[in-house]
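K.L.:
Here you go, run-v5.txt (compact mmCIF, C-alpha atoms):
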```
# COMPACT_ATOMS: atom_id res chain seq x y z
CA MET A 8 21.15 8.65 -14.26
CA GLU A 9 23.54 10.77 -12.24
CA LYS A 10 24.23 9.52 -8.73
CA ASN A 11 23.68 12.74 -6.82
CA SER A 12 21.86 13.29 -3.56
CA LYS A 13 18.96 15.01 -5.33
CA ASN A 14 18.21 11.93 -7.44
CA TYR A 15 18.51 9.60 -4.44
CA PHE A 16 16.14 11.79 -2.48
CA THR A 17 13.61 11.93 -5.34
CA LEU A 18 13.75 8.12 -5.65
CA PHE A 19 13.25 7.72 -1.90
CA LYS A 20 10.41 10.23 -1.78
CA SER A 21 8.65 8.64 -4.77
CA THR A 22 8.82 5.07 -3.45
CA PHE A 23 7.85 6.24 0.05
CA PHE A 24 4.71 8.04 -1.13
CA LEU A 25 3.77 5.30 -3.59
CA SER A 26 3.96 2.78 -0.76
CA ALA A 27 2.16 4.96 1.77
CA PHE A 28 -0.84 5.60 -0.43
CA THR A 29 -1.21 2.29 -2.21
CA PHE A 30 -3.96 0.14 -0.77
CA GLY A 31 -4.83 -3.19 -2.28
CA GLY A 32 -1.48 -4.81 -2.91
CA GLY A 33 0.97 -5.24 -5.73
CA TYR A 34 -1.31 -5.14 -8.73
CA VAL A 35 -2.17 -1.52 -8.00
CA ILE A 36 1.38 -0.31 -7.45
CA VAL A 37 2.70 -1.07 -10.95
CA PRO A 38 0.35 1.30 -12.80
CA MET A 39 1.11 3.96 -10.17
CA MET A 40 4.86 3.46 -10.64
CA LYS A 41 4.40 3.79 -14.38
CA LYS A 42 2.59 7.09 -13.88
CA LYS A 43 5.42 8.42 -11.73
CA PHE A 44 8.61 7.03 -13.29
CA VAL A 45 7.55 6.87 -16.94
CA ASP A 46 5.00 9.65 -17.45
CA LYS A 47 6.03 12.21 -14.83
CA PHE A 48 9.82 11.94 -14.49
CA GLY A 49 10.61 10.23 -17.81
CA TRP A 50 13.21 8.10 -15.98
CA LEU A 51 12.10 4.84 -17.63
CA GLU A 52 10.70 3.80 -21.00
CA GLU A 53 7.22 2.31 -20.95
CA GLU A 54 8.56 -1.03 -22.17
CA GLU A 55 11.14 -1.15 -19.36
CA MET A 56 8.33 -0.65 -16.85
CA LEU A 57 6.39 -3.52 -18.43
CA ASN A 58 9.45 -5.78 -18.14
CA ILE A 59 9.93 -4.72 -14.53
CA ALA A 60 6.29 -5.57 -13.80
CA ALA A 61 6.67 -9.00 -15.45
CA ILE A 62 9.83 -9.85 -13.48
CA ALA A 63 8.37 -8.52 -10.21
CA GLN A 64 5.36 -10.75 -10.74
CA SER A 65 7.49 -13.81 -11.50
CA SER A 66 9.56 -13.52 -8.33
CA PRO A 67 8.47 -14.65 -4.88
CA GLY A 68 7.77 -12.03 -2.23
CA ALA A 69 5.77 -8.82 -2.21
CA MET A 70 5.29 -7.35 -5.68
CA ALA A 71 5.67 -3.74 -4.50
CA VAL A 72 9.07 -4.56 -2.98
CA ASN A 73 10.17 -6.53 -6.06
CA ALA A 74 9.19 -3.74 -8.45
CA SER A 75 10.92 -1.03 -6.41
CA ILE A 76 14.14 -3.10 -6.17
CA LEU A 77 14.19 -3.30 -9.98
CA VAL A 78 13.38 0.38 -10.50
CA GLY A 79 16.04 1.45 -7.98
CA TRP A 80 18.63 -0.89 -9.48
CA ARG A 81 17.91 0.22 -13.03
CA LEU A 82 18.15 3.93 -12.12
CA LEU A 83 20.97 4.10 -9.58
CA GLY A 84 22.48 0.63 -9.19
CA LEU A 85 22.83 -1.22 -5.89
CA SER A 86 22.57 1.92 -3.74
CA GLY A 87 19.45 2.90 -5.70
CA ALA A 88 17.89 -0.50 -5.03
CA LEU A 89 18.58 -0.10 -1.30
CA VAL A 90 17.09 3.41 -1.24
CA ALA A 91 13.98 2.20 -3.11
CA ILE A 92 13.55 -0.76 -0.70
CA LEU A 93 13.82 1.58 2.27
CA GLY A 94 11.23 3.94 0.78
CA THR A 95 8.85 1.07 0.09
CA ILE A 96 9.03 -0.73 3.43
CA LEU A 97 9.19 2.29 5.76
CA PRO A 98 5.49 3.31 5.52
CA PRO A 99 4.04 -0.14 6.37
CA PHE A 100 6.80 -0.63 8.96
CA ILE A 101 5.94 2.61 10.76
CA ILE A 102 2.16 2.16 10.51
CA LEU A 103 2.17 -1.46 11.72
CA SER A 104 4.63 -0.72 14.55
CA ILE A 105 2.25 1.90 15.90
CA ILE A 106 -0.84 -0.30 15.43
CA SER A 107 0.97 -3.19 17.06
CA LEU A 108 1.58 -1.14 20.20
CA PHE A 109 -2.06 0.00 20.36
CA TYR A 110 -3.34 -3.49 19.56
CA ALA A 111 -1.86 -4.99 22.72
CA ALA A 112 -3.43 -2.20 24.80
CA PHE A 113 -6.89 -2.17 23.18
CA ARG A 114 -7.55 -5.76 22.10
CA ASP A 115 -9.50 -6.60 25.29
CA ASN A 116 -11.63 -3.46 25.26
CA ALA A 117 -15.27 -4.55 24.80
CA VAL A 118 -16.02 -2.16 21.93
CA VAL A 119 -12.75 -2.86 20.07
CA SER A 120 -13.16 -6.61 20.32
CA ALA A 121 -16.81 -6.43 19.15
CA VAL A 122 -15.75 -4.35 16.11
CA LEU A 123 -12.84 -6.70 15.33
CA LYS A 124 -15.22 -9.67 15.61
CA GLY A 125 -17.60 -7.96 13.18
CA MET A 126 -14.70 -7.25 10.82
CA MET A 127 -13.71 -10.93 10.85
CA ALA A 128 -16.81 -11.88 8.84
CA GLY A 129 -16.08 -9.05 6.39
CA VAL A 130 -12.48 -10.21 5.91
CA CYS A 131 -13.76 -13.74 5.24
CA ALA A 132 -16.03 -12.32 2.54
CA VAL A 133 -13.05 -10.48 0.99
CA ILE A 134 -10.91 -13.66 1.02
CA PHE A 135 -13.66 -15.79 -0.53
CA ASP A 136 -14.30 -13.11 -3.16
CA VAL A 137 -10.61 -13.33 -4.15
CA VAL A 138 -10.76 -17.16 -4.18
CA ILE A 139 -13.90 -17.17 -6.37
CA THR A 140 -12.32 -14.71 -8.85
CA MET A 141 -8.97 -16.54 -9.02
CA GLY A 142 -10.51 -20.03 -9.00
CA GLY A 143 -13.03 -18.99 -11.66
CA LYS A 144 -10.17 -18.00 -13.97
CA ILE A 145 -8.52 -21.41 -13.49
CA ILE A 146 -11.76 -23.25 -14.25
CA LYS A 147 -12.45 -21.07 -17.30
CA THR A 148 -9.16 -22.19 -18.91
CA ARG A 149 -10.90 -25.60 -19.29
CA LYS A 150 -7.54 -27.29 -18.94
CA TRP A 151 -7.79 -30.38 -16.76
CA LEU A 152 -4.31 -30.19 -15.26
CA PRO A 153 -4.59 -26.76 -13.52
CA ILE A 154 -8.04 -27.73 -12.21
CA LEU A 155 -6.65 -31.02 -10.91
CA ILE A 156 -3.73 -29.19 -9.25
CA MET A 157 -6.15 -26.77 -7.56
CA VAL A 158 -8.42 -29.52 -6.19
CA GLY A 159 -5.47 -31.77 -5.33
CA ALA A 160 -3.54 -29.04 -3.51
CA PHE A 161 -6.63 -28.18 -1.47
CA ILE A 162 -7.20 -31.77 -0.35
CA VAL A 163 -3.52 -32.38 0.37
CA TYR A 164 -3.18 -29.18 2.41
CA TYR A 165 -6.55 -28.63 4.11
CA VAL A 166 -7.57 -32.25 4.69
CA LEU A 167 -4.29 -34.18 4.83
CA ARG A 168 -2.27 -31.32 6.40
CA VAL A 169 0.86 -31.94 4.32
CA ASN A 170 3.66 -29.36 4.79
CA ILE A 171 2.81 -26.27 2.73
CA ILE A 172 6.38 -25.86 1.41
CA TYR A 173 6.44 -29.42 0.02
CA ILE A 174 3.19 -28.64 -1.84
CA ILE A 175 4.58 -25.41 -3.32
CA VAL A 176 7.86 -27.02 -4.39
CA PHE A 177 6.03 -30.02 -5.89
CA CYS A 178 3.57 -27.91 -7.90
CA ALA A 179 6.33 -25.56 -9.10
CA THR A 180 8.39 -28.54 -10.31
CA LEU A 181 5.35 -30.10 -11.95
CA GLY A 182 4.59 -26.83 -13.76
CA ALA A 183 8.20 -26.54 -14.98
CA LEU A 184 8.33 -30.15 -16.26
CA VAL A 185 4.92 -30.02 -17.95
CA SER A 186 5.73 -26.73 -19.67
CA LEU A 187 9.01 -28.16 -21.01
CA TYR A 188 7.15 -31.24 -22.26
CA ASP A 189 4.40 -29.05 -23.77
CA LYS A 190 6.96 -26.94 -25.64
CA HIS A 191 8.69 -30.08 -26.91
CA ALA A 192 5.44 -31.83 -27.92
CA GLY A 193 3.61 -28.69 -29.08
CA LYS A 194 0.80 -29.14 -26.55
CA GLU A 195 -0.87 -26.93 -23.96
CA HIS A 196 -1.57 -28.80 -20.76
CA ILE A 197 -0.78 -25.89 -18.43
CA MET B 15 17.57 -17.05 19.49
CA ILE B 16 14.06 -15.64 18.98
CA TYR B 17 15.56 -13.18 16.46
CA LEU B 18 16.98 -16.08 14.46
CA GLN B 19 13.64 -17.91 14.55
CA LEU B 20 11.74 -14.82 13.37
CA PHE B 21 14.29 -14.18 10.63
CA TRP B 22 14.19 -17.80 9.41
CA SER B 23 10.37 -17.96 9.46
CA PHE B 24 9.91 -14.76 7.48
CA LEU B 25 12.71 -15.74 5.11
CA GLN B 26 10.68 -18.85 4.20
CA ILE B 27 7.53 -16.74 3.83
CA GLY B 28 9.40 -14.38 1.47
CA LEU B 29 10.93 -17.24 -0.47
CA PHE B 30 7.79 -19.31 -1.08
CA SER B 31 5.04 -16.73 -1.57
CA PHE B 32 4.43 -16.44 -5.30
CA GLY B 33 1.69 -14.45 -6.96
CA GLY B 34 1.35 -11.26 -4.93
CA GLY B 35 -1.63 -10.04 -2.94
CA MET B 36 -2.96 -12.70 -0.62
CA ALA B 37 -0.53 -15.41 -1.74
CA ALA B 38 1.59 -14.87 1.37
CA MET B 39 -1.35 -15.27 3.77
CA PRO B 40 -1.42 -19.10 4.01
CA LEU B 41 2.37 -19.21 4.47
CA ILE B 42 2.23 -16.61 7.24
CA GLN B 43 -0.57 -18.51 8.95
CA ASN B 44 1.45 -21.72 8.67
CA GLN B 45 4.61 -20.22 10.21
CA VAL B 46 3.11 -17.83 12.73
CA VAL B 47 0.04 -19.74 13.97
CA ASP B 48 0.57 -23.45 13.19
CA ILE B 49 4.32 -23.94 13.63
CA HIS B 50 5.39 -21.34 16.21
CA GLY B 51 2.15 -20.30 17.92
CA TRP B 52 3.31 -16.67 17.97
CA LEU B 53 -0.27 -15.55 17.32
CA THR B 54 -3.60 -17.29 17.95
CA LEU B 55 -5.84 -17.76 14.91
CA ALA B 56 -8.01 -14.88 16.17
CA GLU B 57 -4.99 -12.56 16.48
CA PHE B 58 -3.81 -13.64 13.03
CA THR B 59 -7.25 -12.78 11.63
CA ASP B 60 -7.03 -9.34 13.26
CA LEU B 61 -3.64 -8.94 11.56
CA ILE B 62 -5.12 -9.78 8.14
CA THR B 63 -7.97 -7.35 8.86
CA ILE B 64 -5.46 -4.59 9.72
CA SER B 65 -3.32 -5.44 6.66
CA GLU B 66 -6.29 -5.14 4.35
CA MET B 67 -7.07 -1.67 5.67
CA THR B 68 -3.53 -0.23 5.72
CA PRO B 69 -1.14 0.32 2.80
CA GLY B 70 1.75 -2.03 2.17
CA PRO B 71 2.17 -5.72 1.36
CA ILE B 72 0.72 -8.34 3.75
CA ALA B 73 4.16 -9.92 4.29
CA ILE B 74 5.79 -6.65 5.42
CA ASN B 75 2.79 -5.75 7.58
CA SER B 76 2.87 -9.19 9.20
CA ALA B 77 6.63 -9.17 9.73
CA THR B 78 6.39 -5.83 11.52
CA PHE B 79 3.33 -6.80 13.58
CA VAL B 80 4.51 -10.27 14.62
CA GLY B 81 8.08 -9.09 15.20
CA THR B 82 6.89 -6.26 17.46
CA GLN B 83 4.51 -8.52 19.41
CA ILE B 84 7.15 -11.23 19.98
CA ALA B 85 10.44 -9.35 20.34
CA GLY B 86 9.82 -5.60 20.13
CA PHE B 87 11.44 -3.25 17.62
CA GLY B 88 14.42 -5.57 16.98
CA GLY B 89 12.02 -8.41 16.23
CA ALA B 90 10.15 -6.27 13.70
CA LEU B 91 13.43 -5.34 12.05
CA VAL B 92 14.82 -8.89 11.64
CA SER B 93 11.42 -10.23 10.49
CA THR B 94 11.09 -7.54 7.84
CA LEU B 95 14.66 -8.09 6.66
CA GLY B 96 14.01 -11.84 6.46
CA SER B 97 10.88 -11.35 4.38
CA ILE B 98 12.56 -9.13 1.76
CA LEU B 99 15.97 -10.84 1.49
CA PRO B 100 14.82 -13.62 -0.91
CA SER B 101 13.13 -10.98 -3.11
CA CYS B 102 16.34 -8.95 -3.40
CA ILE B 103 18.39 -11.92 -4.56
CA ILE B 104 15.82 -13.61 -6.80
CA VAL B 105 14.41 -10.51 -8.48
CA LEU B 106 17.88 -9.31 -9.53
CA SER B 107 18.91 -12.79 -10.73
CA LEU B 108 15.71 -13.02 -12.76
CA ALA B 109 16.30 -9.58 -14.27
CA TRP B 110 19.73 -10.78 -15.34
CA LEU B 111 18.29 -14.00 -16.80
CA TYR B 112 15.61 -12.07 -18.68
CA SER B 113 18.22 -9.80 -20.23
CA LYS B 114 20.10 -12.91 -21.49
CA TYR B 115 17.22 -15.14 -22.57
CA GLN B 116 14.16 -13.18 -23.68
CA GLU B 117 11.71 -16.00 -23.02
CA LEU B 118 11.91 -18.22 -19.98
CA VAL B 119 9.74 -21.28 -20.57
CA VAL B 120 10.64 -22.88 -17.24
CA ILE B 121 9.72 -19.82 -15.14
CA LYS B 122 6.43 -19.43 -17.00
CA GLY B 123 5.78 -23.12 -16.30
CA ILE B 124 6.60 -22.74 -12.60
CA LEU B 125 4.16 -19.83 -12.32
CA ALA B 126 1.49 -21.73 -14.24
CA GLY B 127 1.87 -24.64 -11.82
CA LEU B 128 1.70 -22.34 -8.81
CA ARG B 129 -1.34 -20.30 -9.85
CA PRO B 130 -3.91 -23.04 -9.07
CA THR B 131 -1.89 -24.07 -5.99
CA VAL B 132 -2.06 -20.56 -4.53
CA VAL B 133 -5.85 -20.49 -4.97
CA ALA B 134 -6.13 -23.76 -3.03
CA LEU B 135 -3.87 -22.46 -0.24
CA ILE B 136 -5.73 -19.15 0.10
CA LEU B 137 -9.01 -21.08 0.20
CA SER B 138 -7.62 -23.27 3.00
CA ALA B 139 -6.54 -20.25 5.05
CA GLY B 140 -9.91 -18.58 4.37
CA LEU B 141 -11.78 -21.69 5.53
CA SER B 142 -9.91 -21.83 8.84
CA ILE B 143 -10.78 -18.16 9.47
CA LEU B 144 -14.39 -18.81 8.41
CA VAL B 145 -14.70 -21.68 10.90
CA LEU B 146 -13.34 -19.39 13.63
CA ALA B 147 -15.80 -16.62 12.67
CA PHE B 148 -18.82 -18.98 12.54
CA TRP B 149 -18.15 -21.35 15.46
CA GLY B 150 -15.52 -19.61 17.61
CA SER B 151 -12.27 -21.12 18.82
CA ALA B 152 -13.98 -24.44 19.73
CA GLY B 153 -14.18 -25.23 16.01
CA PHE B 154 -16.78 -26.71 13.68
CA THR B 155 -19.76 -28.68 15.07
CA TRP B 156 -23.16 -29.67 13.65
CA ASN B 157 -24.82 -28.13 16.70
CA LEU B 158 -26.74 -25.06 15.47
CA ALA B 159 -26.72 -23.51 18.94
CA SER B 160 -22.99 -22.81 18.68
CA LEU B 161 -23.30 -21.17 15.25
CA ASP B 162 -22.78 -17.38 15.25
CA PHE B 163 -25.71 -16.22 13.10
CA ILE B 164 -24.53 -12.59 13.06
CA ALA B 165 -21.24 -13.70 11.47
CA VAL B 166 -23.04 -15.93 8.95
CA ALA B 167 -25.38 -13.10 7.92
CA LEU B 168 -22.51 -10.61 7.63
CA PHE B 169 -20.39 -13.01 5.58
CA ALA B 170 -23.21 -13.91 3.18
CA GLY B 171 -24.31 -10.29 2.80
CA TRP B 172 -20.85 -8.88 2.14
CA LEU B 173 -19.87 -11.69 -0.20
CA PHE B 174 -23.04 -11.07 -2.21
CA LEU B 175 -22.33 -7.32 -2.38
CA LEU B 176 -18.67 -7.93 -3.33
CA ARG B 177 -19.63 -10.25 -6.20
CA LYS B 178 -22.42 -7.97 -7.37
CA PHE B 179 -20.87 -4.49 -7.07
CA ASP B 180 -17.08 -5.03 -6.92
CA LEU B 181 -16.84 -3.08 -3.63
CA ASN B 182 -13.58 -1.83 -2.17
CA PRO B 183 -12.36 -4.30 0.53
CA ILE B 184 -11.73 -1.43 2.96
CA VAL B 185 -15.39 -0.41 2.71
CA VAL B 186 -16.47 -4.01 3.31
CA ILE B 187 -14.25 -4.47 6.38
CA LEU B 188 -15.17 -1.11 7.92
CA GLY B 189 -18.88 -1.68 7.22
CA SER B 190 -18.69 -5.17 8.66
CA GLY B 191 -16.95 -3.86 11.78
CA LEU B 192 -19.55 -1.14 12.24
CA ILE B 193 -22.67 -3.30 11.69
CA GLY B 194 -21.23 -6.44 13.29
CA GLY B 195 -19.72 -4.56 16.21
CA THR B 196 -23.06 -2.88 16.96
CA CYS B 197 -24.89 -6.24 16.77
CA TYR B 198 -22.38 -7.96 19.08
CA LEU B 199 -22.59 -5.15 21.64
CA LEU B 200 -26.41 -5.13 21.56
CA PHE B 201 -27.11 -8.88 21.60
```
What would the structure in this file look like if it were written as structure tokens?
P.N.:
Amino acid sequence: MEKNSKNYFTLFKSTFFLSAFTFGGGYVIVPMMKKKFVDKFGWLEEEEMLNIAAIAQSSPGAMAVNASILVGWRLLGLSGALVAILGTILPPFIILSIISLFYAAFRDNAVVSAVLKGMMAGVCAVIFDVVITMGGKIIKTRKWLPILIMVGAFIVYYVLRVNIIYIIVFCATLGALVSLYDKHAGKEHI
Amino acid sequence: MIYLQLFWSFLQIGLFSFGGGMAAMPLIQNQVVDIHGWLTLAEFTDLITISEMTPGPIAINSATFVGTQIAGFGGALVSTLGSILPSCIIVLSLAWLYSKYQELVVIKGILAGLRPTVVALILSAGLSILVLAFWGSAGFTWNLASLDFIAVALFAGWLFLLRKFDLNPIVVILGSGLIGGTCYLLF
């Protein structure tokens, strides 16, 4: 794609509006990106978008940021990646900066704190809903190793209070080693 | 100094949060509440509440919010930069690896090992918020008198509705704030 100011601006505008109107995290943003960059502009092939989604999902960090880095890079190189990052992080950055200023001023207001307290129970319900859905998928695989990892990681973190980063590094290493063994032995533990 | 601390904390959050969505939440809680005490658990819960209702990833929202609270605009800037820097490097390296080797057994294995781990970590973070919602900052006790029955009823009701009707989280949080807020002000 030609590196002119019009294309940079379109990339910025697209990522900015995608980010500003996407509620519900990374899984929602990929289909919306596909609609914009594949169907509307024809800048990417559908298969490229699928690859981008797969890589964005495999990397640590926010999926929306990961996906926009890859789209920007693919379209306009390093400067494109930077423009896409800027477009993606500006909306939450602006919104949360403003909320942060108001939060300090309003937190102790009786009505605001009662509403926030009421919301706390709702947020708990949302978190447990996510846990039940994700945990249910793990249990449904009927593989003993993932289930053991889930139960083990919970005990080690919540009860024994082991450093969270050690747990993540250990489970990532375990997953890598088991998958290599599985491939070698033709098994499916994980 | 505080800028460096914010940058380093959010760099770790960006580097170790796999799986999107709420995967970053336990790491943020660990850094921001447990290790540095930048927010109380109640403030952190407000932050998650706000993040669920506004667009944008939890990690970016948190970096901006915590950064602003602790060190103003500059704090928000360094925290946000810290949280996206690992993504920039890793996502481009992975793209390069994918273009060379179509199938990456090791990365698939890493993600398979992390999937159940992330569930356990989100559950842990959720439990600590649940204890705060039910018993307040004093923590869990068997004494029924200190149990917040409004919170228990709201939690059970919304969880039931979420499982049954697949409601939008924003609706749940707003509804819970409206009903719960009214109850707390009245009783």
K.L.:
Near region 184-194 of chain A, counting only C-alpha atoms, which residues have an atom at most 7 Å away, once you skip same-chain residues fewer than 6 positions from it, shown as a compact mmCIF listing (two decimals) with C-alpha atoms, in the coordinates of the input?
P.N.:
```txt
# COMPACT_ATOMS: atom_id res chain seq x y z
CA VAL B 119 9.74 -21.28 -20.57
CA VAL B 120 10.64 -22.88 -17.24
CA GLY B 123 5.78 -23.12 -16.30
```
K.L.:
Which is closer to chain A than all the others in B:Ala159, B:Met15, B:Leu200, B:Leu144, using only C-alpha atoms?
P.N.:
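When distances to chain A are compared using only C-alpha atoms, the smallest one comes from B:Leu144.
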K.L.:
Please report the interatomic distance between CA of Phe161 (chain A) and CA of Leu173 (chain B) in Å with one decimal.
P.N.:
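CA of Leu173 (chain B) lies at a distance of 21.2 Å from CA of Phe161 (chain A).
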K.L.:
Do you have the CA of Gly28 (chain B)-CA of Ala128 (chain A) distance handy?
P.N.:
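That distance, rounded to one decimal, is 27.3 Å.
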K.L.:
Expressed in Å to a single decimal, how great is the separation between CA of Ala121 (chain A) and CA of Gly194 (chain B)?
P.N.:
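Result for CA of Ala121 (chain A) versus CA of Gly194 (chain B): 7.3 Å, one decimal.
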K.L.:
Give me the residues near Thr180 (chain A) as number ranges by chain, where near means some atom within 8 Å (using all atoms listed in the file) and where sequence neighbours in that chain fewer than 4 positions away do not count.
P.N.:
A: 176, 184; B: 124, 127
K.L.:
As a PyMOL selection string, please: the residues near Val80 (chain B) (cut-off 8 Å, only C-alpha atoms, same-chain neighbours under 6 positions excluded).
P.N.:
chain B and resi 46+52-53+89-90
K.L.:
For Met157 (chain A), please output as a list in words all residues within 9 Å (counting all atoms listed in the file; exclusion window: fewer than 2 positions along the same chain).
P.N.:
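The filter keeps Gly142, Ile145, Leu152, Pro153, Ile154, Leu155, Gly159, Ala160, Phe161 and Ile162 of chain A; Arg129, Pro130, Thr131, Val132, Val133, Ala134 and Leu135 of chain B.
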K.L.:
Pull C-alpha atoms from the residues just selected and write them as a PDB file, in the coordinates of the input.
P.N.:
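Below is the file part.pdb, written as the result:
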```pdb
ATOM      1  CA  GLY A 142     -10.510 -20.030  -9.000  1.00  0.00           C
ATOM      2  CA  ILE A 145      -8.520 -21.410 -13.490  1.00  0.00           C
ATOM      3  CA  LEU A 152      -4.310 -30.190 -15.260  1.00  0.00           C
ATOM      4  CA  PRO A 153      -4.590 -26.760 -13.520  1.00  0.00           C
ATOM      5  CA  ILE A 154      -8.040 -27.730 -12.210  1.00  0.00           C
ATOM      6  CA  LEU A 155      -6.650 -31.020 -10.910  1.00  0.00           C
ATOM      7  CA  GLY A 159      -5.470 -31.770  -5.330  1.00  0.00           C
ATOM      8  CA  ALA A 160      -3.540 -29.040  -3.510  1.00  0.00           C
ATOM      9  CA  PHE A 161      -6.630 -28.180  -1.470  1.00  0.00           C
ATOM     10  CA  ILE A 162      -7.200 -31.770  -0.350  1.00  0.00           C
TER      11      ILE A 162
ATOM     12  CA  ARG B 129      -1.340 -20.300  -9.850  1.00  0.00           C
ATOM     13  CA  PRO B 130      -3.910 -23.040  -9.070  1.00  0.00           C
ATOM     14  CA  THR B 131      -1.890 -24.070  -5.990  1.00  0.00           C
ATOM     15  CA  VAL B 132      -2.060 -20.560  -4.530  1.00  0.00           C
ATOM     16  CA  VAL B 133      -5.850 -20.490  -4.970  1.00  0.00           C
ATOM     17  CA  ALA B 134      -6.130 -23.760  -3.030  1.00  0.00           C
ATOM     18  CA  LEU B 135      -3.870 -22.460  -0.240  1.00  0.00           C
TER      19      LEU B 135
END
```
K.L.:
For region 188-191 of chain B, I'd like the enclosing box, axis-aligned and padded by 8 Å on every side, reported as lines of an AutoDock Vina configuration file with centre and edge lengths in Å to one decimal.
P.N.:
```
center_x = -17.0
center_y = -3.1
center_z = 9.5
size_x = 19.7
size_y = 20.1
size_z = 20.6
```
